$ cat final.cif   # mmCIF, C-alpha atoms, pLDDT in the B column; chains and numbers go by the auth columns
data_structure
#
loop_
_atom_site.group_PDB
_atom_site.id
_atom_site.type_symbol
_atom_site.label_atom_id
_atom_site.label_comp_id
_atom_site.label_asym_id
_atom_site.label_seq_id
_atom_site.Cartn_x
_atom_site.Cartn_y
_atom_site.Cartn_z
_atom_site.B_iso_or_equiv
_atom_site.auth_seq_id
_atom_site.auth_asym_id
ATOM 1 C CA MET A 1 7.614 -53.731 52.080 33.00 2 A
ATOM 2 C CA ILE A 2 4.444 -52.075 50.834 35.00 3 A
ATOM 3 C CA HIS A 3 3.085 -49.034 52.558 35.00 4 A
ATOM 4 C CA SER A 4 -0.484 -47.843 52.465 34.00 5 A
ATOM 5 C CA TYR A 5 -1.429 -46.955 48.893 34.00 6 A
ATOM 6 C CA TYR A 6 -4.167 -44.537 47.974 36.00 7 A
ATOM 7 C CA TYR A 7 -5.867 -43.955 44.681 35.00 8 A
ATOM 8 C CA SER A 8 -8.292 -41.288 43.523 38.00 9 A
ATOM 9 C CA LEU A 9 -11.737 -42.610 42.669 38.00 10 A
ATOM 10 C CA PRO A 10 -14.238 -40.428 40.844 38.00 11 A
ATOM 11 C CA THR A 11 -17.502 -40.857 42.685 38.00 12 A
ATOM 12 C CA MET A 12 -19.858 -38.875 40.467 36.00 13 A
ATOM 13 C CA GLN A 13 -20.197 -37.532 36.967 37.00 14 A
ATOM 14 C CA PRO A 14 -19.555 -35.433 34.881 34.00 15 A
ATOM 15 C CA LEU A 15 -16.513 -36.980 33.312 34.00 16 A
ATOM 16 C CA LEU A 16 -15.195 -33.622 32.100 34.00 17 A
ATOM 17 C CA HIS A 17 -15.231 -31.993 35.522 39.00 18 A
ATOM 18 C CA LEU A 18 -12.129 -29.822 35.847 37.00 19 A
ATOM 19 C CA PRO A 19 -11.278 -28.658 39.371 44.00 20 A
ATOM 20 C CA LEU A 20 -10.147 -25.114 39.964 41.00 21 A
ATOM 21 C CA PRO A 21 -6.398 -24.730 40.582 43.00 22 A
ATOM 22 C CA ASN A 22 -5.297 -25.134 44.205 49.00 23 A
ATOM 23 C CA GLN A 23 -8.750 -26.315 45.330 46.00 24 A
ATOM 24 C CA PRO A 24 -9.703 -29.848 46.346 47.00 25 A
ATOM 25 C CA ASP A 25 -11.967 -31.724 43.972 50.00 26 A
ATOM 26 C CA PRO A 26 -15.261 -32.448 45.791 44.00 27 A
ATOM 27 C CA GLU A 27 -16.074 -35.142 43.197 49.00 28 A
ATOM 28 C CA VAL A 28 -13.091 -37.340 44.150 51.00 29 A
ATOM 29 C CA CYS A 29 -12.582 -39.456 47.234 58.00 30 A
ATOM 30 C CA ILE A 30 -9.447 -41.341 48.221 71.00 31 A
ATOM 31 C CA MET A 31 -9.609 -45.143 48.447 82.00 32 A
ATOM 32 C CA ARG A 32 -7.026 -47.557 49.750 87.00 33 A
ATOM 33 C CA LEU A 33 -6.199 -50.676 47.761 89.00 34 A
ATOM 34 C CA LEU A 34 -7.835 -52.792 50.474 92.00 35 A
ATOM 35 C CA ASP A 35 -11.099 -50.855 50.117 94.00 36 A
ATOM 36 C CA TYR A 36 -11.683 -51.867 46.499 94.00 37 A
ATOM 37 C CA PRO A 37 -12.950 -55.447 47.019 95.00 38 A
ATOM 38 C CA ALA A 38 -15.633 -54.323 49.490 96.00 39 A
ATOM 39 C CA THR A 39 -16.603 -51.390 47.271 96.00 40 A
ATOM 40 C CA ILE A 40 -16.817 -53.668 44.233 96.00 41 A
ATOM 41 C CA ALA A 41 -18.947 -56.152 46.210 97.00 42 A
ATOM 42 C CA GLN A 42 -21.270 -53.331 47.295 97.00 43 A
ATOM 43 C CA LYS A 43 -21.649 -52.209 43.676 97.00 44 A
ATOM 44 C CA GLN A 44 -22.435 -55.821 42.697 98.00 45 A
ATOM 45 C CA ARG A 45 -25.163 -55.869 45.377 98.00 46 A
ATOM 46 C CA GLU A 46 -26.593 -52.662 43.921 98.00 47 A
ATOM 47 C CA LEU A 47 -26.585 -54.302 40.500 98.00 48 A
ATOM 48 C CA LEU A 48 -28.428 -57.328 41.887 98.00 49 A
ATOM 49 C CA GLN A 49 -31.033 -55.085 43.506 98.00 50 A
ATOM 50 C CA ALA A 50 -31.471 -53.190 40.239 98.00 51 A
ATOM 51 C CA GLU A 51 -31.991 -56.468 38.370 98.00 52 A
ATOM 52 C CA GLN A 52 -34.547 -57.625 40.957 98.00 53 A
ATOM 53 C CA HIS A 53 -36.360 -54.297 40.580 98.00 54 A
ATOM 54 C CA ILE A 54 -36.396 -54.726 36.793 98.00 55 A
ATOM 55 C CA ARG A 55 -37.914 -58.201 37.158 98.00 56 A
ATOM 56 C CA ARG A 56 -40.668 -56.821 39.405 97.00 57 A
ATOM 57 C CA LEU A 57 -41.418 -53.999 36.972 97.00 58 A
ATOM 58 C CA GLN A 58 -41.415 -56.432 34.035 97.00 59 A
ATOM 59 C CA ASP A 59 -43.942 -58.604 35.904 97.00 60 A
ATOM 60 C CA ILE A 60 -46.183 -55.569 36.412 96.00 61 A
ATOM 61 C CA LEU A 61 -45.986 -54.651 32.736 96.00 62 A
ATOM 62 C CA ASN A 62 -46.673 -58.270 31.731 96.00 63 A
ATOM 63 C CA ARG A 63 -49.709 -58.354 34.028 96.00 64 A
ATOM 64 C CA LEU A 64 -51.064 -55.134 32.522 94.00 65 A
ATOM 65 C CA THR A 65 -50.498 -56.475 29.020 94.00 66 A
ATOM 66 C CA ALA A 66 -52.283 -59.715 29.928 94.00 67 A
ATOM 67 C CA GLU A 67 -55.229 -57.727 31.281 94.00 68 A
ATOM 68 C CA VAL A 68 -55.421 -55.778 28.012 93.00 69 A
ATOM 69 C CA ASP A 69 -55.249 -58.988 25.972 93.00 70 A
ATOM 70 C CA THR A 70 -57.965 -60.575 28.137 94.00 71 A
ATOM 71 C CA THR A 71 -60.203 -57.529 27.746 92.00 72 A
ATOM 72 C CA ILE A 72 -59.777 -57.672 23.980 93.00 73 A
ATOM 73 C CA ALA A 73 -60.358 -61.431 23.822 92.00 74 A
ATOM 74 C CA PHE A 74 -63.716 -61.147 25.580 92.00 75 A
ATOM 75 C CA ASP A 75 -64.905 -58.022 23.753 91.00 76 A
ATOM 76 C CA GLY A 76 -67.632 -59.240 21.390 91.00 77 A
ATOM 77 C CA GLU A 77 -67.800 -55.941 19.540 92.00 78 A
ATOM 78 C CA LEU A 78 -64.332 -56.392 18.024 91.00 79 A
ATOM 79 C CA ARG A 79 -65.000 -58.201 14.750 89.00 80 A
ATOM 80 C CA ASN A 80 -61.554 -58.516 13.096 92.00 81 A
ATOM 81 C CA ASP A 81 -57.803 -58.287 13.716 93.00 82 A
ATOM 82 C CA ALA A 82 -57.624 -54.635 12.708 93.00 83 A
ATOM 83 C CA GLN A 83 -60.215 -53.692 15.335 92.00 84 A
ATOM 84 C CA ARG A 84 -58.477 -55.819 17.974 92.00 85 A
ATOM 85 C CA LYS A 85 -55.088 -54.245 17.192 93.00 86 A
ATOM 86 C CA ALA A 86 -56.558 -50.739 17.350 92.00 87 A
ATOM 87 C CA LYS A 87 -58.248 -51.488 20.679 92.00 88 A
ATOM 88 C CA ARG A 88 -55.017 -53.010 22.041 91.00 89 A
ATOM 89 C CA LEU A 89 -53.046 -49.876 21.105 91.00 90 A
ATOM 90 C CA GLU A 90 -55.722 -47.724 22.700 91.00 91 A
ATOM 91 C CA LEU A 91 -55.684 -49.718 25.942 91.00 92 A
ATOM 92 C CA MET A 92 -51.873 -49.896 26.047 90.00 93 A
ATOM 93 C CA LYS A 93 -51.747 -46.095 25.890 90.00 94 A
ATOM 94 C CA SER A 94 -53.429 -45.926 29.287 87.00 95 A
ATOM 95 C CA SER A 95 -51.570 -44.092 32.013 85.00 96 A
ATOM 96 C CA ASP A 96 -50.846 -47.300 33.954 90.00 97 A
ATOM 97 C CA SER A 97 -49.253 -49.019 30.957 92.00 98 A
ATOM 98 C CA ARG A 98 -47.252 -45.946 29.977 93.00 99 A
ATOM 99 C CA LYS A 99 -46.117 -45.426 33.559 95.00 100 A
ATOM 100 C CA ALA A 100 -45.071 -49.089 33.882 94.00 101 A
ATOM 101 C CA ALA A 101 -43.136 -48.944 30.603 94.00 102 A
ATOM 102 C CA THR A 102 -41.440 -45.689 31.633 96.00 103 A
ATOM 103 C CA ASN A 103 -40.494 -47.084 35.049 97.00 104 A
ATOM 104 C CA LEU A 104 -39.096 -50.199 33.412 97.00 105 A
ATOM 105 C CA GLN A 105 -36.986 -48.131 31.010 98.00 106 A
ATOM 106 C CA MET A 106 -35.685 -45.981 33.876 98.00 107 A
ATOM 107 C CA ALA A 107 -34.761 -49.130 35.821 98.00 108 A
ATOM 108 C CA HIS A 108 -32.885 -50.485 32.788 98.00 109 A
ATOM 109 C CA ASP A 109 -31.020 -47.177 32.522 98.00 110 A
ATOM 110 C CA ARG A 110 -30.136 -47.280 36.225 98.00 111 A
ATOM 111 C CA ARG A 111 -28.840 -50.842 35.879 98.00 112 A
ATOM 112 C CA SER A 112 -26.665 -49.708 32.965 98.00 113 A
ATOM 113 C CA GLU A 113 -25.249 -46.880 35.085 98.00 114 A
ATOM 114 C CA ILE A 114 -24.409 -49.329 37.877 97.00 115 A
ATOM 115 C CA GLU A 115 -22.733 -51.680 35.377 98.00 116 A
ATOM 116 C CA ILE A 116 -20.617 -48.764 34.120 97.00 117 A
ATOM 117 C CA ASP A 117 -19.637 -47.817 37.688 97.00 118 A
ATOM 118 C CA LEU A 118 -18.797 -51.440 38.485 97.00 119 A
ATOM 119 C CA GLY A 119 -16.617 -51.701 35.383 97.00 120 A
ATOM 120 C CA LEU A 120 -14.874 -48.463 36.339 95.00 121 A
ATOM 121 C CA LEU A 121 -14.153 -49.756 39.850 96.00 122 A
ATOM 122 C CA ARG A 122 -12.764 -53.030 38.520 96.00 123 A
ATOM 123 C CA ASN A 123 -10.598 -51.215 35.995 95.00 124 A
ATOM 124 C CA GLN A 124 -9.291 -48.762 38.580 94.00 125 A
ATOM 125 C CA PHE A 125 -8.494 -51.661 40.917 95.00 126 A
ATOM 126 C CA SER A 126 -6.578 -53.404 38.131 95.00 127 A
ATOM 127 C CA VAL A 127 -4.660 -50.239 37.263 93.00 128 A
ATOM 128 C CA LEU A 128 -3.779 -49.635 40.889 93.00 129 A
ATOM 129 C CA LYS A 129 -2.495 -53.196 41.269 94.00 130 A
ATOM 130 C CA LEU A 130 -0.357 -52.746 38.144 95.00 131 A
ATOM 131 C CA GLU A 131 1.013 -49.463 39.463 93.00 132 A
ATOM 132 C CA ILE A 132 1.940 -51.141 42.735 93.00 133 A
ATOM 133 C CA ARG A 133 3.626 -54.015 40.899 95.00 134 A
ATOM 134 C CA GLU A 134 5.577 -51.494 38.838 96.00 135 A
ATOM 135 C CA SER A 135 6.600 -49.665 42.003 94.00 136 A
ATOM 136 C CA ILE A 136 7.801 -52.902 43.590 95.00 137 A
ATOM 137 C CA ALA A 137 9.727 -53.876 40.459 95.00 138 A
ATOM 138 C CA THR A 138 11.335 -50.430 40.314 95.00 139 A
ATOM 139 C CA ARG A 139 12.394 -50.677 43.962 95.00 140 A
ATOM 140 C CA GLU A 140 13.827 -54.132 43.416 94.00 141 A
ATOM 141 C CA LEU A 141 15.830 -52.860 40.437 95.00 142 A
ATOM 142 C CA GLN A 142 17.084 -49.917 42.486 94.00 143 A
ATOM 143 C CA MET A 143 18.151 -52.295 45.254 93.00 144 A
ATOM 144 C CA LEU A 144 19.971 -54.523 42.755 92.00 145 A
ATOM 145 C CA ASP A 145 21.708 -51.508 41.217 91.00 146 A
ATOM 146 C CA ALA A 146 22.732 -50.264 44.677 88.00 147 A
ATOM 147 C CA ALA A 147 24.240 -53.630 45.600 77.00 148 A
#

$ encode --input "final.cif" --output "structure tokens"
Amino acid sequence: MIHSYYYSLPTMQPLLHLPLPNQPDPEVCIMRLLDYPATIAQKQRELLQAEQHIRRLQDILNRLTAEVDTTIAFDGELRNDAQRKAKRLELMKSSDSRKAATNLQMAHDRRSEIEIDLGLLRNQFSVLKLEIRESIATRELQMLDAA
């Protein structure tokens, strides 16, 4: 017979957060075993949304790069590859291109954070299941010893 099991789940960083003695940790919430699958699924949805956002940002950056390449291709004043490369670097340093590249990098970083959180949830779920199995096995051994 299994009763309701709870497990502490860190919800935010930093990893080295040390709570003060005799005070509740505001960074930790309590989750039941049954809550993990839904929480994991929600984190997977967040990951999907982050990946969709990255694809949209990559499309924007690709469009800006194509516009730069088109501008260079139709510029009759650019006589050789060195001039075209210099002009491309100059145009790619525009605020729109830099902003798009920065946004894309931030989205990649956010996706990585979500992947880390998802891995943590899965690992905590696995550990909790193992702890419950150990508890059941211990109880069964105690019942066998008592008999």

$ resolve_selection --input "final.cif" --expression "the PyMOL selection byres ((chain A and resi 40) around 12)" --output "MDAnalysis selection string"
chainID A and resid 10 12 32:39 41:47 118:123 125:126

$ atom_distance --input "final.cif" --atom1 "atom CA of A:Glu116" --atom2 "atom CA of A:Thr103"
20.0 Å

$ atom_distance --input "final.cif" --atom1 "atom CA of A:Lys94" --atom2 "atom CA of A:Gln106"
15.8 Å

$ atom_distance --input "final.cif" --atom1 "atom CA of A:Glu135" --atom2 "atom CA of A:Ala148"
20.0 Å

$ residues_around --input "final.cif" --residues "stretch 49-56 of chain A" --least-positions-apart "3" --cutoff "8 Å" --atoms "only C-alpha atoms" --output "PDB file with C-alpha atoms, in the frame of the given file"
ATOM      1  CA  GLN A  45     -22.435 -55.821  42.697  1.00 98.00           C
ATOM      2  CA  ARG A  46     -25.163 -55.869  45.377  1.00 98.00           C
ATOM      3  CA  GLN A  59     -41.415 -56.432  34.035  1.00 97.00           C
ATOM      4  CA  ASP A  60     -43.942 -58.604  35.904  1.00 97.00           C
ATOM      5  CA  LEU A 105     -39.096 -50.199  33.412  1.00 97.00           C
ATOM      6  CA  ALA A 108     -34.761 -49.130  35.821  1.00 98.00           C
ATOM      7  CA  HIS A 109     -32.885 -50.485  32.788  1.00 98.00           C
ATOM      8  CA  ARG A 111     -30.136 -47.280  36.225  1.00 98.00           C
ATOM      9  CA  ARG A 112     -28.840 -50.842  35.879  1.00 98.00           C
TER      10      ARG A 112
END

$ axis_aligned_box --input "final.cif" --around "stretch 102-117 of chain A" --padding-each-side "8 Å" --output "JSON"
{"center_x": -31.9, "center_y": -48.7, "center_z": 34.2, "size_x": 38.5, "size_y": 22.0, "size_z": 23.3}

$ resolve_selection --input "final.cif" --expression "the PyMOL selection byres ((chain A and resi 69) around 12)" --output "list of chain:residue names"
A:Leu62, A:Asn63, A:Arg64, A:Leu65, A:Thr66, A:Ala67, A:Glu68, A:Asp70, A:Thr71, A:Thr72, A:Ile73, A:Ala74, A:Phe75, A:Asp76, A:Arg85, A:Lys86, A:Ala87, A:Lys88, A:Arg89, A:Leu90, A:Glu91, A:Leu92, A:Met93, A:Lys94, A:Ser95, A:Asp97, A:Ser98

$ write_last_selection --input "final.cif" --atoms "C-alpha atoms" --output "PDB file, keeping the file's coordinate frame"
ATOM      1  CA  LEU A  62     -45.986 -54.651  32.736  1.00 96.00           C
ATOM      2  CA  ASN A  63     -46.673 -58.270  31.731  1.00 96.00           C
ATOM      3  CA  ARG A  64     -49.709 -58.354  34.028  1.00 96.00           C
ATOM      4  CA  LEU A  65     -51.064 -55.134  32.522  1.00 94.00           C
ATOM      5  CA  THR A  66     -50.498 -56.475  29.020  1.00 94.00           C
ATOM      6  CA  ALA A  67     -52.283 -59.715  29.928  1.00 94.00           C
ATOM      7  CA  GLU A  68     -55.229 -57.727  31.281  1.00 94.00           C
ATOM      8  CA  ASP A  70     -55.249 -58.988  25.972  1.00 93.00           C
ATOM      9  CA  THR A  71     -57.965 -60.575  28.137  1.00 94.00           C
ATOM     10  CA  THR A  72     -60.203 -57.529  27.746  1.00 92.00           C
ATOM     11  CA  ILE A  73     -59.777 -57.672  23.980  1.00 93.00           C
ATOM     12  CA  ALA A  74     -60.358 -61.431  23.822  1.00 92.00           C
ATOM     13  CA  PHE A  75     -63.716 -61.147  25.580  1.00 92.00           C
ATOM     14  CA  ASP A  76     -64.905 -58.022  23.753  1.00 91.00           C
ATOM     15  CA  ARG A  85     -58.477 -55.819  17.974  1.00 92.00           C
ATOM     16  CA  LYS A  86     -55.088 -54.245  17.192  1.00 93.00           C
ATOM     17  CA  ALA A  87     -56.558 -50.739  17.350  1.00 92.00           C
ATOM     18  CA  LYS A  88     -58.248 -51.488  20.679  1.00 92.00           C
ATOM     19  CA  ARG A  89     -55.017 -53.010  22.041  1.00 91.00           C
ATOM     20  CA  LEU A  90     -53.046 -49.876  21.105  1.00 91.00           C
ATOM     21  CA  GLU A  91     -55.722 -47.724  22.700  1.00 91.00           C
ATOM     22  CA  LEU A  92     -55.684 -49.718  25.942  1.00 91.00           C
ATOM     23  CA  MET A  93     -51.873 -49.896  26.047  1.00 90.00           C
ATOM     24  CA  LYS A  94     -51.747 -46.095  25.890  1.00 90.00           C
ATOM     25  CA  SER A  95     -53.429 -45.926  29.287  1.00 87.00           C
ATOM     26  CA  ASP A  97     -50.846 -47.300  33.954  1.00 90.00           C
ATOM     27  CA  SER A  98     -49.253 -49.019  30.957  1.00 92.00           C
TER      28      SER A  98
END

$ decode --input "final.cif" --residues "stretch 112-138 of chain A" --atoms "N, CA and C atoms" --output "PDB file, in the first residue's frame"
ATOM      1  N   ARG A 112      16.538  27.723 -25.074  1.00  0.00           N
ATOM      2  CA  ARG A 112      16.236  26.321 -25.363  1.00  0.00           C
ATOM      3  C   ARG A 112      17.149  25.404 -24.548  1.00  0.00           C
ATOM      4  N   SER A 113      18.417  25.763 -24.444  1.00  0.00           N
ATOM      5  CA  SER A 113      19.353  24.956 -23.649  1.00  0.00           C
ATOM      6  C   SER A 113      18.938  24.914 -22.181  1.00  0.00           C
ATOM      7  N   GLU A 114      18.490  26.050 -21.650  1.00  0.00           N
ATOM      8  CA  GLU A 114      18.020  26.084 -20.266  1.00  0.00           C
ATOM      9  C   GLU A 114      16.809  25.170 -20.071  1.00  0.00           C
ATOM     10  N   ILE A 115      15.894  25.183 -21.028  1.00  0.00           N
ATOM     11  CA  ILE A 115      14.705  24.334 -20.934  1.00  0.00           C
ATOM     12  C   ILE A 115      15.105  22.867 -21.011  1.00  0.00           C
ATOM     13  N   GLU A 116      16.058  22.537 -21.887  1.00  0.00           N
ATOM     14  CA  GLU A 116      16.539  21.152 -21.981  1.00  0.00           C
ATOM     15  C   GLU A 116      17.159  20.701 -20.658  1.00  0.00           C
ATOM     16  N   ILE A 117      17.898  21.581 -20.003  1.00  0.00           N
ATOM     17  CA  ILE A 117      18.500  21.258 -18.709  1.00  0.00           C
ATOM     18  C   ILE A 117      17.398  21.009 -17.675  1.00  0.00           C
ATOM     19  N   ASP A 118      16.400  21.897 -17.638  1.00  0.00           N
ATOM     20  CA  ASP A 118      15.290  21.731 -16.694  1.00  0.00           C
ATOM     21  C   ASP A 118      14.525  20.441 -16.957  1.00  0.00           C
ATOM     22  N   LEU A 119      14.315  20.125 -18.232  1.00  0.00           N
ATOM     23  CA  LEU A 119      13.611  18.892 -18.587  1.00  0.00           C
ATOM     24  C   LEU A 119      14.409  17.670 -18.138  1.00  0.00           C
ATOM     25  N   GLY A 120      15.708  17.689 -18.365  1.00  0.00           N
ATOM     26  CA  GLY A 120      16.557  16.589 -17.909  1.00  0.00           C
ATOM     27  C   GLY A 120      16.520  16.442 -16.399  1.00  0.00           C
ATOM     28  N   LEU A 121      16.530  17.577 -15.690  1.00  0.00           N
ATOM     29  CA  LEU A 121      16.455  17.547 -14.233  1.00  0.00           C
ATOM     30  C   LEU A 121      15.138  16.918 -13.777  1.00  0.00           C
ATOM     31  N   LEU A 122      14.035  17.330 -14.377  1.00  0.00           N
ATOM     32  CA  LEU A 122      12.735  16.753 -14.013  1.00  0.00           C
ATOM     33  C   LEU A 122      12.708  15.245 -14.243  1.00  0.00           C
ATOM     34  N   ARG A 123      13.196  14.819 -15.394  1.00  0.00           N
ATOM     35  CA  ARG A 123      13.204  13.379 -15.693  1.00  0.00           C
ATOM     36  C   ARG A 123      14.072  12.619 -14.698  1.00  0.00           C
ATOM     37  N   ASN A 124      15.227  13.191 -14.378  1.00  0.00           N
ATOM     38  CA  ASN A 124      16.115  12.526 -13.421  1.00  0.00           C
ATOM     39  C   ASN A 124      15.497  12.475 -12.027  1.00  0.00           C
ATOM     40  N   GLN A 125      14.875  13.560 -11.600  1.00  0.00           N
ATOM     41  CA  GLN A 125      14.237  13.569 -10.291  1.00  0.00           C
ATOM     42  C   GLN A 125      13.090  12.562 -10.241  1.00  0.00           C
ATOM     43  N   PHE A 126      12.341  12.458 -11.325  1.00  0.00           N
ATOM     44  CA  PHE A 126      11.249  11.484 -11.399  1.00  0.00           C
ATOM     45  C   PHE A 126      11.801  10.069 -11.277  1.00  0.00           C
ATOM     46  N   SER A 127      12.885   9.795 -11.978  1.00  0.00           N
ATOM     47  CA  SER A 127      13.516   8.470 -11.903  1.00  0.00           C
ATOM     48  C   SER A 127      14.013   8.166 -10.495  1.00  0.00           C
ATOM     49  N   VAL A 128      14.647   9.148  -9.869  1.00  0.00           N
ATOM     50  CA  VAL A 128      15.162   8.950  -8.510  1.00  0.00           C
ATOM     51  C   VAL A 128      14.008   8.699  -7.547  1.00  0.00           C
ATOM     52  N   LEU A 129      12.956   9.463  -7.683  1.00  0.00           N
ATOM     53  CA  LEU A 129      11.809   9.284  -6.797  1.00  0.00           C
ATOM     54  C   LEU A 129      11.193   7.896  -6.969  1.00  0.00           C
ATOM     55  N   LYS A 130      11.078   7.434  -8.206  1.00  0.00           N
ATOM     56  CA  LYS A 130      10.550   6.086  -8.428  1.00  0.00           C
ATOM     57  C   LYS A 130      11.453   5.038  -7.782  1.00  0.00           C
ATOM     58  N   LEU A 131      12.769   5.218  -7.897  1.00  0.00           N
ATOM     59  CA  LEU A 131      13.697   4.270  -7.270  1.00  0.00           C
ATOM     60  C   LEU A 131      13.577   4.296  -5.747  1.00  0.00           C
ATOM     61  N   GLU A 132      13.421   5.486  -5.189  1.00  0.00           N
ATOM     62  CA  GLU A 132      13.254   5.595  -3.743  1.00  0.00           C
ATOM     63  C   GLU A 132      11.980   4.889  -3.287  1.00  0.00           C
ATOM     64  N   ILE A 133      10.929   5.020  -4.059  1.00  0.00           N
ATOM     65  CA  ILE A 133       9.670   4.358  -3.707  1.00  0.00           C
ATOM     66  C   ILE A 133       9.828   2.847  -3.812  1.00  0.00           C
ATOM     67  N   ARG A 134      10.482   2.384  -4.862  1.00  0.00           N
ATOM     68  CA  ARG A 134      10.730   0.940  -4.998  1.00  0.00           C
ATOM     69  C   ARG A 134      11.553   0.417  -3.829  1.00  0.00           C
ATOM     70  N   GLU A 135      12.554   1.187  -3.417  1.00  0.00           N
ATOM     71  CA  GLU A 135      13.369   0.781  -2.273  1.00  0.00           C
ATOM     72  C   GLU A 135      12.515   0.716  -1.015  1.00  0.00           C
ATOM     73  N   SER A 136      11.653   1.703  -0.842  1.00  0.00           N
ATOM     74  CA  SER A 136      10.771   1.726   0.329  1.00  0.00           C
ATOM     75  C   SER A 136       9.853   0.515   0.341  1.00  0.00           C
ATOM     76  N   ILE A 137       9.311   0.171  -0.804  1.00  0.00           N
ATOM     77  CA  ILE A 137       8.426  -1.002  -0.895  1.00  0.00           C
ATOM     78  C   ILE A 137       9.210  -2.278  -0.576  1.00  0.00           C
ATOM     79  N   ALA A 138      10.396  -2.392  -1.153  1.00  0.00           N
ATOM     80  CA  ALA A 138      11.219  -3.582  -0.905  1.00  0.00           C
ATOM     81  C   ALA A 138      11.583  -3.687   0.573  1.00  0.00           C
TER      82      ALA A 138
END
